[in-house]
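Here is the structure we will look at.
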Amino acid sequence: ASARAQARAAAAQAAAALKATPAVKAAAGSLGGAVEACCLQPMDTIKTRLQLDSAGRYRGVLGCGRTIVREEGARALWKGLVPFATHLTCKYSMRMGTNALYQGALRDEQGRLSDARRMAAGFGAGVTEALLVVTPFEVVKIRLQKQEGGAAAKYRGPAHAVGRILREEGLRGLWSGAGPTVLRNGTNQMCLFWAKANVDRQLWGKHEGDGRTLAPWQSMVSGFSAACLGPVATNPFDVVKTRLMAQSQGEGARYRGFLHCLVTVPRQEGLLALYKGLLPRLMRIPPGQAIVWAVSDQVVGWFERGGFAGHPAGQPARH
């Protein structure tokens, strides 16, 4: 009887894993990204302004926010929302989907995934999203956020920015800063997927594909906790990425490339300049991941419980 029960449990896990396909996880991530973008765009705008502030114009997160609102209006905090929201929905779709594909390819014959292979899958997902989605979208977003408004604004909107960048800088201009973006996103997702699986297991006894669904607040705790490591580890890459993306390509470019920027910034502005924008990143990324995982875990859990087949909903995972 015990052997039959174990066999039924194994079959249930296999069925749940099949229902939570990479396409399902991609759709779940996309929905979570749209919600995150609408909630947290102001913090991303503040982060970008602080990282571009080599003259010391803004005094911290709150000071930067107040200055933007006072001089440009509250709507300026949502500058670049269209490319940011589109970027997040595409990015999370690709991140969740490709991570599921890479994890599937890296599982052993028994379907198990070691921590090292989980980290490798996360790094691969981060590199993929960086090259195919993140870099061109962030170039447009940062160029728009960099502007301080007025009739002299170089870019009138996302579509105009794309057209002008292509016309003046070529296709290469949309992939400015691709090197540090790959390093940042690869490291971020390597840390994120490893930490999320381990936090779920340690706090809630939840194992991937076990058919149980965390309550939204549990997913938020796990997602928030898992997302704290990456920003600290990758902030220098993020600063370099932002500086390279903000400058137009050509003879007047201040930085010649990734390594030149990585050396020039601390030499001219001090080592701490590589950690500019860390606080707003920590105020945006962990809450953003809390939102994304709260949404995506529910969507994936719905499919694991039967989804369209009309199976009864399972109970949230208990501590």
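Residues in the structure tokens are named by chain (A, B, ... in the order shown) and by number from 1 within that chain; ligands are numbered from 1 in the order shown.
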Leaving out region 112-120 of chain A and any residue of its chain fewer than 4 positions from it, which residues lie within 7 Å of it when counting only C-alpha atoms, given as a tab-separated table (two decimals) with C-alpha atoms, in the first residue's frame?
chain	number	residue	atom	x	y	z
A	103	GLN	CA	15.94	23.58	-15.84
A	106	LEU	CA	19.60	20.19	-16.79
A	107	ARG	CA	17.59	17.75	-14.65
A	108	ASP	CA	19.12	14.33	-14.02
A	124	GLY	CA	21.28	31.25	-18.71
A	190	MET	CA	21.30	32.99	-10.89
A	191	CYS	CA	20.85	34.33	-7.35
A	193	PHE	CA	15.96	31.34	-8.79
A	194	TRP	CA	18.34	29.57	-6.41
- request: Excluding region 131-141 of chain A and residues on its chain fewer than 5 positions from it, collect all residues at most 10 Å away from it, counting only C-alpha atoms, and give them as number ranges by chain.
  value: A: 44-45, 48, 79-92, 94-95, 126, 146, 155, 157-162, 165, 171-182, 185, 241-242, 244-247
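Here CA of Glu169 (chain A) stands at a distance of 23.6 Å from CA of Val265 (chain A).
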